[in-house]
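One structure below.
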Amino acid sequence: MDLTVAHQFDDAEQQQEASTLGMWIFLATEILFFGGMFLGYTIYRAMYPQEFAAASRHLDVVFGTVNTAVLLCSSLTMALGVYSAQLGSRRMLALFLGLTMLLGAVFLGIKFYEYYQKYEVGLIPCAGFTWAGPNPNQTSLFFVFYFIMTGMHALHMVIGLGLMTVLVLLTRRGRFTPSYYTPVELGGLYWHFVDIVWVFLFPLLYLIDRSS
Amino acid sequence: MSEAVIERKTYFFVWAVLLAFLGVTVGVAYIHLGWLNPVAALSIAVIKAVVIMLYFMHLRHSARLVWVFVGAGFVWLGIMFVLSLGDYLARSYLPKPTTWLP
């Protein structure tokens, strides 16, 4: 008897399908969670387009672009990790999970350095916000959205790093086989989802007002 | 277990495509297109998201039931945006009352 199949499932495949479906249901709630913030950003951007554009140009495109590339690379290593799990290569799985964590940590490092730069020039709302241009109150709204949205995204990254740590430990204990690697698959889904959130955050916060 | 294992070279190809789109979206942002700038940026973001979901997230080979749930997530997102923006963006269409009751 296969001990990895719980008794309510016909077989391992059905069990994995149920787990995958459950993960996607969770991710659907996450779409709406981040969607609410994107909606708020859209509404206020439509209300104060000039202020949002001026504030947006104070973000560093180079850091943003590098961070996007880092995150896309981490998605590749995550996908290769799941691929290694499917093939049953424990060593490669641990290696790719480690690489994914490293890239995730690089992303967070760059992100927090960006936060520090914003702090230095006084662009953090409610913490000595200084704005020489017109309408500082409306402009600070952009930074409220910037910090809450990227902050929520960074929190998801930290949670992702925690999940990866657990996956590495389980890998080292030999818990995953080609016939059972569901936690790796689901951890991957989570990681790629957080990547997708950034794929939308980056152009909306950094890019769309560059040329105006 | 999952029957269709996507090949390793497919992942590298998808990754290269994603990085190429990143380059395009940054480049396009510096060309003055007016209202088309956000449209271009969001279109590229949607393409990247779909590619990530189909290949990295294995949606292409997932059960169709999963597709229904993913679709439901985006349908509800669409409802939230359409109804909310229908309110906020249309507010200026109506004349403001000239006098307020006390």
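The chains in the structure tokens are called A, B, ... from first to last as shown; in each chain the residues are counted from 1, and the ligands are counted from 1 in the order shown.
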Go through chain B and flag each residue having an atom no more than 6 Å from chain A; for those, report the closest pair of atoms plus their distance in Å to one decimal, using only C-alpha atoms, ordered by chain and rising number, as a tab-separated table.
residue	atom	partner	partner_atom	distance
B:Met1	CA	A:Ser179	CA	5.1
B:Ala29	CA	A:Leu207	CA	5.6
B:Tyr30	CA	A:Ser211	CA	5.1
B:His32	CA	A:Ser211	CA	5.0
B:Asn37	CA	A:Ile208	CA	5.7
B:Pro38	CA	A:Ile208	CA	5.1
B:Ala41	CA	A:Pro203	CA	5.9
B:Ala45	CA	A:Phe200	CA	5.8
B:Ala49	CA	A:Ile196	CA	5.6
B:Phe56	CA	A:Ala79	CA	5.6
B:Met57	CA	A:Leu189	CA	5.6
B:Val66	CA	A:Leu21	CA	5.6
B:Gly73	CA	A:Ala28	CA	4.6
B:Leu77	CA	A:Leu32	CA	5.9
Selection to disk with C-alpha atoms, as a PDB file, in the first residue's frame:
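Everything below was put into part-v8.pdb:
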ATOM      1  CA  MET B   1       3.155  11.340 -11.633  1.00  0.00           C
ATOM      2  CA  ALA B  29       8.423  53.097 -21.643  1.00  0.00           C
ATOM      3  CA  TYR B  30      10.913  55.690 -22.903  1.00  0.00           C
ATOM      4  CA  HIS B  32       6.448  58.864 -25.936  1.00  0.00           C
ATOM      5  CA  ASN B  37       2.210  53.796 -22.821  1.00  0.00           C
ATOM      6  CA  PRO B  38       0.125  52.201 -20.053  1.00  0.00           C
ATOM      7  CA  ALA B  41       3.071  48.152 -20.530  1.00  0.00           C
ATOM      8  CA  ALA B  45       2.671  42.311 -18.478  1.00  0.00           C
ATOM      9  CA  ALA B  49       1.859  36.517 -16.817  1.00  0.00           C
ATOM     10  CA  PHE B  56       6.276  27.662 -15.211  1.00  0.00           C
ATOM     11  CA  MET B  57       3.009  26.994 -13.387  1.00  0.00           C
ATOM     12  CA  VAL B  66      -8.018  24.075 -12.590  1.00  0.00           C
ATOM     13  CA  GLY B  73     -10.213  34.371 -10.122  1.00  0.00           C
ATOM     14  CA  LEU B  77     -11.047  40.613 -10.591  1.00  0.00           C
TER      15      LEU B  77
END
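Each of B:Ile47, B:Ile31, B:Ile52, B:Leu42 was compared to Thr10 of chain B using only C-alpha atoms, and B:Ile52 turns out to be the nearest.
Taking only C-alpha atoms, the non-local environment of segment 147-162 of chain A within 7 Å (same-chain residues fewer than 5 positions away omitted) comprises Met37, Met101, Gly104, Leu108, Trp191 and Val194 of chain A.
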For the residues in that selection, give me C-alpha atoms as a PDB file, in the first residue's frame.
ATOM      1  CA  MET A  37      -4.596  47.307  -4.142  1.00  0.00           C
ATOM      2  CA  MET A 101      16.267  31.343  -2.252  1.00  0.00           C
ATOM      3  CA  GLY A 104      14.855  35.847  -3.700  1.00  0.00           C
ATOM      4  CA  LEU A 108      14.759  41.662  -1.137  1.00  0.00           C
ATOM      5  CA  TRP A 191       6.681  31.455  -6.008  1.00  0.00           C
ATOM      6  CA  VAL A 194       4.499  36.242  -6.439  1.00  0.00           C
TER       7      VAL A 194
END
Which value, in Å to one decimal, gives the distance between atom CA of Arg91 of chain A and atom CA of Arg172 of chain A?
-> 8.5 Å
